[in-house]
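So this one's start.txt, compact mmCIF, C-alpha atoms and all ligand atoms:
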```txt
# COMPACT_ATOMS: atom_id res chain seq x y z
CA MET A 212 25.89 -97.55 -56.50
CA LYS A 213 27.49 -100.63 -58.00
CA ILE A 214 30.28 -102.06 -55.88
CA LEU A 215 32.58 -104.87 -56.96
CA VAL A 216 33.66 -106.91 -53.94
CA ILE A 217 36.86 -108.91 -54.33
CA ASN A 218 38.18 -111.60 -52.01
CA CYS A 219 41.57 -112.75 -53.28
CA GLY A 220 43.15 -115.96 -52.02
CA SER A 221 46.53 -117.35 -53.00
CA SER A 222 45.07 -119.37 -55.89
CA SER A 223 41.46 -118.17 -55.98
CA LEU A 224 39.46 -114.98 -56.41
CA LYS A 225 35.84 -114.66 -55.29
CA TYR A 226 33.80 -111.69 -56.43
CA GLN A 227 30.34 -110.17 -56.24
CA LEU A 228 28.93 -107.16 -58.02
CA ILE A 229 26.47 -105.59 -55.57
CA ASP A 230 23.83 -102.94 -56.11
CA SER A 231 24.33 -101.20 -52.78
CA ASP A 232 21.07 -99.20 -52.91
CA LYS A 233 18.89 -102.29 -53.24
CA GLU A 234 21.47 -104.50 -51.47
CA GLU A 235 21.16 -107.01 -54.29
CA VAL A 236 23.77 -109.23 -55.89
CA LEU A 237 23.92 -108.46 -59.63
CA ALA A 238 26.57 -111.05 -60.46
CA LYS A 239 28.98 -113.29 -58.61
CA GLY A 240 31.57 -115.93 -59.18
CA ILE A 241 34.89 -117.48 -58.40
CA CYS A 242 38.17 -117.92 -60.24
CA GLU A 243 39.92 -121.08 -59.12
CA ARG A 244 43.26 -122.68 -59.86
CA ILE A 245 44.98 -119.35 -60.58
CA LYS A 246 48.66 -119.94 -61.47
CA ILE A 247 47.82 -123.62 -62.16
CA ASP A 248 45.41 -123.63 -65.12
CA GLY A 249 42.28 -121.59 -64.40
CA VAL A 250 38.51 -122.06 -64.07
CA LEU A 251 35.99 -119.23 -63.80
CA LYS A 252 32.46 -119.92 -62.57
CA HIS A 253 30.25 -116.90 -63.17
CA THR A 254 26.56 -116.23 -62.55
CA THR A 255 24.73 -113.08 -63.48
CA SER A 256 21.53 -112.79 -61.48
CA GLY A 257 18.59 -114.25 -63.43
CA LYS A 258 20.86 -115.82 -66.06
CA GLU A 259 22.43 -119.21 -66.47
CA LYS A 260 25.64 -120.12 -64.63
CA LYS A 261 28.70 -120.14 -66.88
CA VAL A 262 31.84 -122.20 -66.37
CA ILE A 263 34.84 -120.98 -68.33
CA GLU A 264 38.16 -122.74 -68.51
CA ALA A 265 40.82 -120.20 -69.39
CA PRO A 266 44.49 -119.87 -68.54
CA MET A 267 45.06 -117.71 -65.45
CA PRO A 268 48.81 -117.41 -65.04
CA ASN A 269 48.29 -114.63 -62.49
CA HIS A 270 45.64 -112.59 -60.64
CA ASN A 271 45.80 -109.81 -63.26
CA GLU A 272 44.49 -112.21 -65.85
CA ALA A 273 41.82 -113.47 -63.42
CA VAL A 274 40.57 -109.92 -62.79
CA ARG A 275 40.61 -109.25 -66.55
CA LEU A 276 38.43 -112.33 -67.16
CA VAL A 277 36.03 -111.31 -64.39
CA VAL A 278 35.64 -107.86 -65.95
CA GLU A 279 35.10 -109.49 -69.35
CA GLN A 280 32.27 -111.62 -67.91
CA LEU A 281 30.67 -108.65 -66.17
CA LEU A 282 30.70 -106.78 -69.50
CA ASP A 283 29.62 -109.73 -71.66
CA LYS A 284 26.91 -108.62 -74.11
CA GLU A 285 24.69 -111.68 -73.60
CA ASN A 286 25.51 -112.86 -70.12
CA GLY A 287 26.94 -109.76 -68.42
CA ALA A 288 25.63 -107.49 -65.68
CA ILE A 289 26.87 -104.07 -66.85
CA GLU A 290 27.41 -102.31 -70.17
CA SER A 291 30.45 -100.26 -69.31
CA LEU A 292 33.20 -100.32 -66.68
CA SER A 293 32.23 -96.79 -65.72
CA GLU A 294 29.17 -98.31 -64.01
CA ILE A 295 31.42 -99.73 -61.28
CA ASP A 296 31.63 -97.04 -58.59
CA ALA A 297 34.26 -98.71 -56.43
CA VAL A 298 35.98 -101.97 -55.58
CA GLY A 299 35.88 -103.26 -51.99
CA HIS A 300 38.69 -105.68 -51.14
CA ARG A 301 38.79 -108.13 -48.28
CA VAL A 302 42.22 -107.81 -46.67
CA VAL A 303 43.11 -110.38 -44.06
CA HIS A 304 45.62 -108.65 -41.78
CA GLY A 305 45.62 -104.97 -40.93
CA GLY A 306 47.84 -105.38 -37.85
CA GLU A 307 47.52 -102.52 -35.36
CA LYS A 308 47.61 -99.99 -38.19
CA PHE A 309 44.02 -100.40 -39.33
CA ALA A 310 41.09 -100.20 -36.94
CA SER A 311 38.63 -99.48 -39.76
CA SER A 312 38.26 -99.70 -43.52
CA VAL A 313 40.26 -97.29 -45.71
CA ILE A 314 40.45 -95.94 -49.24
CA ILE A 315 43.63 -97.38 -50.75
CA ASP A 316 46.27 -94.91 -51.90
CA ASP A 317 50.02 -95.48 -52.24
CA GLU A 318 50.58 -94.81 -48.55
CA VAL A 319 47.87 -97.28 -47.46
CA TYR A 320 49.17 -99.84 -49.94
CA ALA A 321 52.63 -99.59 -48.36
CA ALA A 322 51.14 -99.85 -44.86
CA ILE A 323 49.28 -103.05 -45.84
CA GLU A 324 52.56 -104.37 -47.25
CA GLU A 325 54.13 -103.76 -43.84
CA CYS A 326 51.51 -106.08 -42.29
CA ASN A 327 52.51 -108.90 -44.66
CA ASP A 328 54.84 -110.39 -42.10
CA LEU A 329 51.82 -111.28 -39.94
CA ALA A 330 49.93 -113.17 -42.68
CA PRO A 331 52.33 -113.62 -45.60
CA LEU A 332 50.21 -115.82 -47.89
CA HIS A 333 46.91 -114.04 -47.39
CA ASN A 334 48.00 -110.41 -47.48
CA LEU A 335 50.20 -110.90 -50.49
CA ALA A 336 47.28 -112.36 -52.45
CA ASN A 337 45.04 -109.46 -51.32
CA LEU A 338 47.64 -106.92 -52.48
CA ILE A 339 48.01 -108.62 -55.86
CA GLY A 340 44.22 -108.37 -56.28
CA ILE A 341 44.29 -104.67 -55.38
CA GLU A 342 47.14 -104.01 -57.83
CA ALA A 343 45.30 -105.86 -60.61
CA CYS A 344 42.12 -103.79 -60.07
CA ARG A 345 44.10 -100.54 -60.01
CA LYS A 346 45.65 -101.45 -63.37
CA LEU A 347 42.50 -102.69 -65.08
CA MET A 348 40.09 -100.10 -63.71
CA PRO A 349 42.09 -96.88 -63.45
CA GLY A 350 40.22 -94.11 -61.69
CA VAL A 351 37.90 -96.49 -59.81
CA PRO A 352 38.50 -96.17 -56.05
CA ASN A 353 39.70 -99.28 -54.18
CA ILE A 354 38.77 -99.80 -50.54
CA ALA A 355 40.35 -102.21 -48.06
CA VAL A 356 38.17 -103.92 -45.45
CA PHE A 357 40.24 -105.82 -42.90
CA ASP A 358 39.40 -109.10 -41.13
CA THR A 359 41.25 -107.84 -38.07
CA ALA A 360 39.88 -104.27 -37.85
CA PHE A 361 36.72 -105.00 -35.84
CA HIS A 362 38.80 -106.53 -33.04
CA GLN A 363 41.08 -103.51 -32.59
CA THR A 364 38.77 -102.39 -29.77
CA MET A 365 39.93 -105.31 -27.58
CA PRO A 366 41.50 -104.18 -24.29
CA GLU A 367 45.15 -105.00 -23.56
CA LYS A 368 44.19 -107.72 -21.09
CA ALA A 369 42.47 -109.59 -23.94
CA TYR A 370 45.23 -109.24 -26.53
CA ILE A 371 48.48 -109.53 -24.56
CA TYR A 372 49.92 -113.06 -24.40
CA GLY A 373 51.75 -114.40 -21.36
CA ILE A 374 55.16 -114.27 -23.02
CA PRO A 375 57.95 -111.67 -22.57
CA TYR A 376 56.47 -108.24 -23.30
CA LYS A 377 59.38 -107.40 -25.62
CA TYR A 378 57.85 -109.76 -28.22
CA TYR A 379 54.84 -107.48 -28.34
CA GLU A 380 57.04 -104.38 -28.48
CA ASP A 381 59.52 -105.75 -31.01
CA TYR A 382 57.37 -107.91 -33.26
CA LYS A 383 53.78 -106.94 -32.40
CA ILE A 384 53.00 -110.48 -31.26
CA ARG A 385 49.49 -110.23 -29.77
CA ARG A 386 45.95 -111.43 -30.32
CA TYR A 387 44.46 -109.81 -33.44
CA GLY A 388 41.45 -112.01 -34.17
CA PHE A 389 39.86 -112.67 -37.57
CA HIS A 390 36.42 -113.02 -39.22
CA GLY A 391 35.96 -109.39 -38.11
CA THR A 392 33.70 -108.50 -41.05
CA SER A 393 31.41 -111.38 -40.15
CA HIS A 394 31.46 -110.72 -36.39
CA SER A 395 30.68 -107.07 -37.03
CA PHE A 396 27.84 -107.84 -39.47
CA VAL A 397 26.24 -110.50 -37.26
CA SER A 398 26.61 -108.60 -33.98
CA ASN A 399 25.11 -105.45 -35.55
CA ARG A 400 22.16 -107.43 -36.79
CA THR A 401 21.76 -109.16 -33.41
CA ILE A 402 21.72 -105.78 -31.67
CA GLU A 403 19.00 -104.61 -34.10
CA LEU A 404 16.99 -107.73 -33.27
CA LEU A 405 17.41 -107.12 -29.53
CA GLY A 406 15.93 -103.66 -30.06
CA LYS A 407 18.05 -102.08 -27.31
CA PRO A 408 20.57 -99.24 -27.54
CA ALA A 409 23.87 -100.81 -28.72
CA GLU A 410 25.76 -99.50 -25.66
CA ASP A 411 23.55 -101.58 -23.34
CA THR A 412 24.04 -104.91 -25.16
CA LYS A 413 26.19 -107.99 -24.55
CA VAL A 414 26.33 -110.35 -27.51
CA ILE A 415 28.36 -113.45 -28.33
CA VAL A 416 28.80 -114.38 -32.00
CA CYS A 417 29.75 -117.95 -32.92
CA HIS A 418 31.14 -117.97 -36.46
CA LEU A 419 31.32 -121.72 -37.05
CA GLY A 420 32.46 -122.65 -40.55
CA GLY A 421 35.54 -124.36 -42.00
CA GLY A 422 37.39 -121.80 -39.87
CA ALA A 423 35.67 -121.05 -36.58
CA SER A 424 35.91 -118.20 -34.12
CA ILE A 425 33.81 -116.79 -31.31
CA CYS A 426 33.61 -113.13 -30.37
CA ALA A 427 32.40 -111.25 -27.31
CA VAL A 428 30.76 -107.97 -28.33
CA LYS A 429 29.99 -105.52 -25.52
CA GLY A 430 28.29 -102.23 -26.33
CA GLY A 431 28.66 -103.04 -30.03
CA LYS A 432 32.45 -103.44 -29.75
CA SER A 433 34.63 -106.55 -29.89
CA ILE A 434 36.19 -107.05 -26.45
CA ASP A 435 37.61 -110.54 -27.00
CA THR A 436 37.79 -113.21 -29.67
CA SER A 437 39.11 -116.75 -29.89
CA MET A 438 41.50 -116.51 -32.85
CA GLY A 439 44.87 -114.97 -32.07
CA LEU A 440 48.03 -113.80 -33.82
CA THR A 441 46.90 -116.17 -36.57
CA PRO A 442 43.65 -118.02 -37.31
CA LEU A 443 45.13 -121.19 -35.79
CA GLU A 444 44.17 -120.31 -32.20
CA GLY A 445 40.80 -120.91 -30.58
CA ILE A 446 38.33 -123.77 -30.94
CA VAL A 447 38.98 -126.93 -32.94
CA MET A 448 38.12 -126.25 -36.61
CA GLY A 449 37.67 -128.20 -39.85
CA THR A 450 41.38 -128.95 -40.27
CA ARG A 451 43.00 -126.59 -37.74
CA SER A 452 43.88 -127.77 -34.26
CA GLY A 453 42.75 -124.64 -32.44
CA SER A 454 44.51 -123.98 -29.11
CA ILE A 455 46.85 -126.73 -27.95
CA ASP A 456 49.67 -127.00 -25.43
CA PRO A 457 52.61 -125.39 -27.34
CA ALA A 458 54.92 -128.07 -25.91
CA ILE A 459 53.19 -130.60 -28.21
CA ILE A 460 55.14 -129.10 -31.12
CA GLU A 461 58.52 -129.94 -29.59
CA TYR A 462 57.24 -133.35 -28.52
CA ILE A 463 56.10 -134.39 -32.02
CA ALA A 464 59.29 -132.91 -33.54
CA GLY A 465 61.35 -135.16 -31.26
CA LYS A 466 59.25 -138.28 -31.79
CA GLU A 467 58.94 -138.04 -35.58
CA ASP A 468 61.98 -136.00 -36.54
CA LYS A 469 59.83 -133.30 -38.12
CA SER A 470 60.61 -129.64 -38.75
CA ILE A 471 58.54 -126.82 -37.26
CA ALA A 472 57.20 -126.07 -40.75
CA GLU A 473 56.01 -129.66 -41.14
CA ILE A 474 54.30 -129.62 -37.77
CA MET A 475 52.63 -126.26 -38.48
CA ASN A 476 51.30 -127.78 -41.68
CA ILE A 477 49.84 -130.67 -39.66
CA LEU A 478 48.28 -128.25 -37.17
CA ASN A 479 46.74 -126.16 -39.96
CA LYS A 480 45.73 -128.79 -42.49
CA GLU A 481 45.55 -132.23 -40.90
CA SER A 482 44.17 -131.55 -37.46
CA GLY A 483 40.86 -130.40 -35.98
CA VAL A 484 37.68 -132.28 -36.84
CA TYR A 485 39.49 -133.92 -39.76
CA GLY A 486 42.42 -135.06 -37.62
CA ILE A 487 40.23 -136.39 -34.81
CA SER A 488 37.66 -138.14 -37.00
CA GLY A 489 40.28 -139.42 -39.45
CA ARG A 490 37.73 -139.12 -42.23
CA THR A 491 36.36 -135.62 -42.86
CA SER A 492 36.50 -131.91 -42.06
CA ASP A 493 32.86 -131.45 -43.08
CA PHE A 494 30.20 -131.44 -40.39
CA ARG A 495 27.62 -132.97 -42.75
CA ASP A 496 29.82 -136.08 -42.88
CA ILE A 497 30.45 -135.95 -39.12
CA ASP A 498 26.66 -135.98 -38.51
CA GLU A 499 26.33 -138.93 -40.93
CA GLY A 500 29.25 -140.72 -39.24
CA ILE A 501 27.56 -140.39 -35.85
CA LYS A 502 24.34 -141.86 -37.26
CA GLU A 503 26.37 -144.80 -38.59
CA GLY A 504 27.90 -145.31 -35.14
CA ASP A 505 31.40 -144.05 -36.03
CA LYS A 506 33.14 -143.48 -32.71
CA ARG A 507 35.69 -140.93 -33.84
CA SER A 508 33.08 -138.78 -35.60
CA LYS A 509 31.32 -138.60 -32.25
CA ILE A 510 34.55 -137.60 -30.46
CA ALA A 511 35.16 -134.84 -33.04
CA PHE A 512 31.59 -133.56 -32.63
CA ASP A 513 31.85 -133.60 -28.83
CA VAL A 514 35.24 -131.86 -28.72
CA PHE A 515 34.00 -129.14 -31.09
CA CYS A 516 30.82 -128.40 -29.10
CA TYR A 517 32.54 -128.64 -25.70
CA GLN A 518 35.30 -126.23 -26.68
CA ALA A 519 32.78 -123.77 -28.16
CA ALA A 520 30.68 -123.91 -24.97
CA LYS A 521 33.75 -123.30 -22.76
CA ILE A 522 34.69 -120.20 -24.75
CA ILE A 523 31.12 -118.89 -24.61
CA GLY A 524 31.12 -119.46 -20.84
CA GLY A 525 34.40 -117.54 -20.59
CA TYR A 526 32.95 -114.62 -22.53
CA VAL A 527 29.85 -114.51 -20.32
CA ALA A 528 32.31 -114.01 -17.44
CA ALA A 529 34.33 -111.44 -19.41
CA MET A 530 31.17 -109.36 -20.06
CA ASN A 531 29.52 -110.22 -16.74
CA GLY A 532 26.41 -111.37 -18.60
CA VAL A 533 25.02 -111.94 -22.06
CA ASP A 534 21.80 -110.84 -23.81
CA ALA A 535 22.07 -112.90 -26.97
CA ILE A 536 24.14 -115.61 -28.62
CA SER A 537 24.12 -115.75 -32.43
CA PHE A 538 25.20 -118.65 -34.61
CA THR A 539 26.52 -118.04 -38.11
CA ALA A 540 28.58 -119.48 -41.04
CA GLY A 541 28.29 -122.96 -42.62
CA ILE A 542 27.93 -124.98 -39.41
CA GLY A 543 26.34 -122.29 -37.26
CA GLU A 544 23.63 -121.55 -39.83
CA ASN A 545 22.87 -125.13 -40.80
CA ASP A 546 23.67 -127.61 -38.07
CA GLY A 547 20.90 -127.73 -35.46
CA GLU A 548 22.60 -130.61 -33.62
CA VAL A 549 25.72 -128.51 -33.00
CA ARG A 550 23.64 -125.53 -31.81
CA LYS A 551 21.57 -127.73 -29.51
CA ASN A 552 24.60 -129.48 -28.04
CA ILE A 553 26.46 -126.21 -27.36
CA CYS A 554 23.39 -124.61 -25.76
CA GLU A 555 22.82 -127.61 -23.48
CA TYR A 556 26.07 -126.71 -21.68
CA LEU A 557 24.65 -123.23 -21.12
CA GLY A 558 21.49 -124.28 -19.31
CA TYR A 559 22.85 -122.65 -16.13
CA LEU A 560 22.33 -119.28 -17.85
CA GLY A 561 18.63 -120.04 -18.24
CA ILE A 562 19.04 -120.77 -21.96
CA THR A 563 16.49 -123.06 -23.56
CA ILE A 564 16.24 -123.88 -27.24
CA ASP A 565 12.95 -124.48 -29.05
CA SER A 566 13.59 -127.75 -30.90
CA GLU A 567 11.09 -126.91 -33.68
CA LYS A 568 12.61 -123.47 -34.33
CA ASN A 569 16.10 -124.99 -34.15
CA LYS A 570 15.39 -126.99 -37.32
CA VAL A 571 16.09 -123.79 -39.31
CA ARG A 572 18.82 -123.79 -41.97
CA GLY A 573 20.48 -120.70 -43.41
CA GLU A 574 17.75 -118.28 -42.34
CA GLU A 575 17.55 -115.60 -39.71
CA LYS A 576 15.57 -116.94 -36.75
CA LEU A 577 15.14 -116.71 -33.01
CA ILE A 578 15.67 -120.31 -31.87
CA SER A 579 15.37 -119.90 -28.10
CA THR A 580 12.05 -120.39 -26.31
CA ASP A 581 9.95 -117.40 -25.21
CA ASP A 582 10.99 -117.89 -21.58
CA SER A 583 14.72 -118.38 -22.29
CA LYS A 584 16.72 -115.85 -20.22
CA VAL A 585 19.16 -115.32 -23.10
CA ARG A 586 18.03 -115.03 -26.71
CA VAL A 587 19.67 -117.40 -29.17
CA TYR A 588 19.58 -116.54 -32.88
CA VAL A 589 20.67 -117.92 -36.21
CA VAL A 590 21.91 -114.92 -38.22
CA PRO A 591 23.32 -115.75 -41.67
CA THR A 592 26.54 -113.86 -42.26
CA ASN A 593 27.13 -111.79 -45.38
CA GLU A 594 30.71 -110.60 -45.54
CA GLU A 595 30.41 -109.34 -49.12
CA LEU A 596 27.42 -107.15 -48.31
CA LYS A 597 29.26 -105.79 -45.27
CA ILE A 598 32.29 -104.96 -47.48
CA ALA A 599 29.97 -103.23 -49.98
CA ARG A 600 28.33 -101.22 -47.17
CA GLU A 601 31.71 -100.16 -45.75
CA THR A 602 32.84 -99.16 -49.24
CA VAL A 603 29.78 -96.95 -49.76
CA GLU A 604 30.26 -95.39 -46.30
CA LEU A 605 33.84 -94.45 -47.16
CA LEU A 606 32.90 -93.01 -50.55
CA LYS A 607 30.53 -90.62 -48.80
P1 LIG B 1 34.44 -121.54 -44.82
O1 LIG B 1 35.08 -122.82 -45.23
O2 LIG B 1 34.76 -120.39 -45.71
O3 LIG B 1 34.58 -121.25 -43.37
P2 LIG B 1 31.54 -121.92 -44.51
O4 LIG B 1 31.26 -120.88 -43.51
O5 LIG B 1 30.60 -122.02 -45.66
O6 LIG B 1 32.93 -121.81 -45.19
O7 LIG B 1 31.56 -123.32 -43.75
C1 LIG B 1 31.75 -124.52 -44.43
C2 LIG B 1 31.46 -125.67 -43.49
O8 LIG B 1 30.09 -125.61 -43.04
C3 LIG B 1 31.56 -127.04 -44.16
O9 LIG B 1 32.85 -127.54 -44.10
C4 LIG B 1 30.63 -127.86 -43.30
O10 LIG B 1 31.35 -128.41 -42.21
C5 LIG B 1 29.62 -126.90 -42.76
N1 LIG B 1 28.28 -127.07 -43.34
C6 LIG B 1 27.80 -126.56 -44.48
N2 LIG B 1 26.50 -126.96 -44.68
C7 LIG B 1 26.17 -127.74 -43.63
C8 LIG B 1 25.00 -128.46 -43.24
N3 LIG B 1 23.90 -128.45 -43.97
N4 LIG B 1 25.04 -129.17 -42.08
C9 LIG B 1 26.16 -129.18 -41.32
N5 LIG B 1 27.29 -128.52 -41.64
C10 LIG B 1 27.31 -127.81 -42.77
```

Translate this structure into structure tokens?
Ligand code: ADP
Amino acid sequence: MKILVINCGSSSLKYQLIDSDKEEVLAKGICERIKIDGVLKHTTSGKEKKVIEAPMPNHNEAVRLVVEQLLDKENGAIESLSEIDAVGHRVVHGGEKFASSVIIDDEVYAAIEECNDLAPLHNLANLIGIEACRKLMPGVPNIAVFDTAFHQTMPEKAYIYGIPYKYYEDYKIRRYGFHGTSHSFVSNRTIELLGKPAEDTKVIVCHLGGGASICAVKGGKSIDTSMGLTPLEGIVMGTRSGSIDPAIIEYIAGKEDKSIAEIMNILNKESGVYGISGRTSDFRDIDEGIKEGDKRSKIAFDVFCYQAAKIIGGYVAAMNGVDAISFTAGIGENDGEVRKNICEYLGYLGITIDSEKNKVRGEEKLISTDDSKVRVYVVPTNEELKIARETVELLK
């Protein structure tokens, strides 16, 4: 089957056309600067990359241009739209309504709309993408795959916050968790690598990218994760603060006469590794900074690794053990220094890393030594492939 996977952001649209039988990418690309001017970067497998500047006043036009590229006589990947069997959409927030992927009909569409409150910018963009595909490809089924769905197996004790219970009852304020597609993909693969029945496994997945979250997966199910009601909670990230004392918000507001909206913007966009280092949100630059002797790059690196290790330690307690820890996403897959530093805190678990194997970048690999009591893996994530697989499953 040929599955078009769409990941719609507020001003961008990423896509991949996937042959789900061979699990191969036939074409992929990204539309950027939607509603501003519009740039489309498209690559059909085995052909040259194309960059097209074209006005994209809205997501409808972006989807239309993507379809045009896919059908292009010289540079395209398909001859007719009828070759696309379904479209799988990444949807950020499914609230408590969606514990798994679904085929989108009018009822589902309305239910996703009801979750908009919880992630206004993201969900709205996802819905616009869905609407555009419905219009331009009538008759082709659309499937929603939620970032939150995998974590719906968390027990109450993991998702209830220590605030008046009425806020959960009235507004559904609770931990939801994100990166679910990635945590599910990577934990499944880790369980395969362990070669044990899923129900007997305890796995911790560290998704460390621009956004970062850690997930405890017991018996193949998410039982806790570090992001919360929103992706702001958890470990320090590229530009997000991660968990802080909530009283800091009032304190800064008083000192600098700032509104809550302004402070939330600082916590989302000017904090984390960027805020601490004062120079970059990118770990490649942090590693360079440390080599050059930059003190604040070193603080950012240390805070990041220390916080990750503390969460992993907490999840070992939550599961009463751990069989494997897997690193994924931009930092997790590529930065051996981060992996080494985090694992050094976990020596008490009998974890030892093989420094040769730990040189790996972006490839699946066991990086712990043969006598390590817990296996440590690098498992590259593939959210698009996971969305394509879920889509095919639902079509069956
Ligand atoms: P997202 O921003 O969607 O979370 P990624 O998972 O690709 O994206 O993560 C991007 C981050 O990964 C970059 O900001 C950078 O910090 C980090 N990264 C990418 N490549 C490397 C590398 N070779 N070494 C260290 N860090 C890297």

So that I can see what lies close to A:Met475, please list as a list in words the residues with an atom at most 12 Å from it, counting all atoms listed in the file and leaving out residues fewer than 6 positions away in the same chain.
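With the cut-off at 12 Å, the set is Thr441, Leu443, Thr450, Arg451, Ser452, Gly453, Pro457, Ile459, Ile460, Glu461, Ile463, Ala464, Lys469, Glu481 and Ser482 of chain A.
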
Considering only C-alpha atoms, can you say which of A:His300, A:Arg490, A:Lys261, A:Lys584 comes closest to A:Asp283?
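When distances to A:Asp283 are compared using only C-alpha atoms, the smallest one comes from A:Lys261.
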
Which residues are near ligand LIG 1 (chain B) in this structure, taking near to mean any atom at most 6 Å from a ligand atom and counting all atoms listed in the file? Format them as a ChimeraX atom specification.
/A:420-422,493-495,540-542,545-546

Please, what distance in Å, to one decimal, runs between atom CA of A:Met448 and atom CA of A:Glu544?
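So the two atoms, atom CA of A:Met448 and atom CA of A:Glu544, lie 15.6 Å apart.
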
Report the distance between atom CA of A:Glu503 and atom CA of A:Gly483 in Å, rounded to one decimal place.
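Between atom CA of A:Glu503 and atom CA of A:Gly483 the gap works out to 20.6 Å.
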
Out of A:Val236, A:Ile578, A:Ile245, A:Met212, which residue has the shortest atom-to-atom distance to A:Glu294 when counting all atoms listed in the file?
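Using all atoms listed in the file, the shortest distance to A:Glu294 belongs to A:Met212.
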
So which one's closest to A:Tyr526, A:Glu444, A:Glu594, A:Ala427, A:Tyr556? Using all atoms listed in the file, please.
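Result for the nearest residue to A:Tyr526: A:Ala427.
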
Between atom CA of A:Lys480 and atom CA of A:Glu548, measure the distance and give it in Å to one decimal.
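Separation of atom CA of A:Lys480 and atom CA of A:Glu548: 24.8 Å.
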
Top pick for closest residue to A:His333, considering A:His304, A:Arg345, A:His362, A:Arg550 and counting all atoms listed in the file
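Looking at the shortest contact to A:His333, the residue is A:His304.
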
Need the shell around A:Ile564: protein/DNA/RNA residues with any atom at most 8 Å away, counting only C-alpha atoms. Skip same-chain ones fewer than 3 positions apart. Format as an NGL selection string?
:A and (551 or 554 or 568-569 or 578-580 or 583 or 587)

With distances taken over only C-alpha atoms, which residue among A:Tyr517, A:Tyr379, A:Tyr320, A:Tyr485 lies nearest A:Asn337?
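Under the stated criterion, the closest residue is A:Tyr320.
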
Point (27.0, -96.5, -55.0), cut-off 9 Å, counting only C-alpha atoms, residues as number ranges by chain:
A: 212-214, 230-232, 295-297, 599, 602-603, 606

Within 12 Å of stretch 238-244 of chain A, which residues of stretch 270-368 of chain A show up? Give each one with its shortest atom-to-atom distance in Å (one decimal) and the two atoms involved, counting only C-alpha atoms, rows by chain then rising residue number, as a Markdown table.
```
| residue | atom | partner | partner_atom | distance |
| --- | --- | --- | --- | --- |
| A:His270 | CA | A:Cys242 | CA | 9.2 |
| A:Asn271 | CA | A:Cys242 | CA | 11.5 |
| A:Glu272 | CA | A:Cys242 | CA | 10.2 |
| A:Ala273 | CA | A:Cys242 | CA | 6.6 |
| A:Val274 | CA | A:Cys242 | CA | 8.7 |
| A:Arg275 | CA | A:Cys242 | CA | 11.0 |
| A:Leu276 | CA | A:Cys242 | CA | 8.9 |
| A:Val277 | CA | A:Cys242 | CA | 8.1 |
| A:Val278 | CA | A:Ala238 | CA | 11.1 |
| A:Gln280 | CA | A:Ala238 | CA | 9.4 |
| A:Leu281 | CA | A:Ala238 | CA | 7.4 |
| A:Leu282 | CA | A:Ala238 | CA | 10.8 |
| A:Asp283 | CA | A:Ala238 | CA | 11.7 |
| A:Asn286 | CA | A:Ala238 | CA | 9.9 |
| A:Gly287 | CA | A:Ala238 | CA | 8.1 |
| A:Ala288 | CA | A:Ala238 | CA | 6.4 |
| A:Ile289 | CA | A:Ala238 | CA | 9.5 |
| A:Gly340 | CA | A:Cys242 | CA | 12.0 |
```
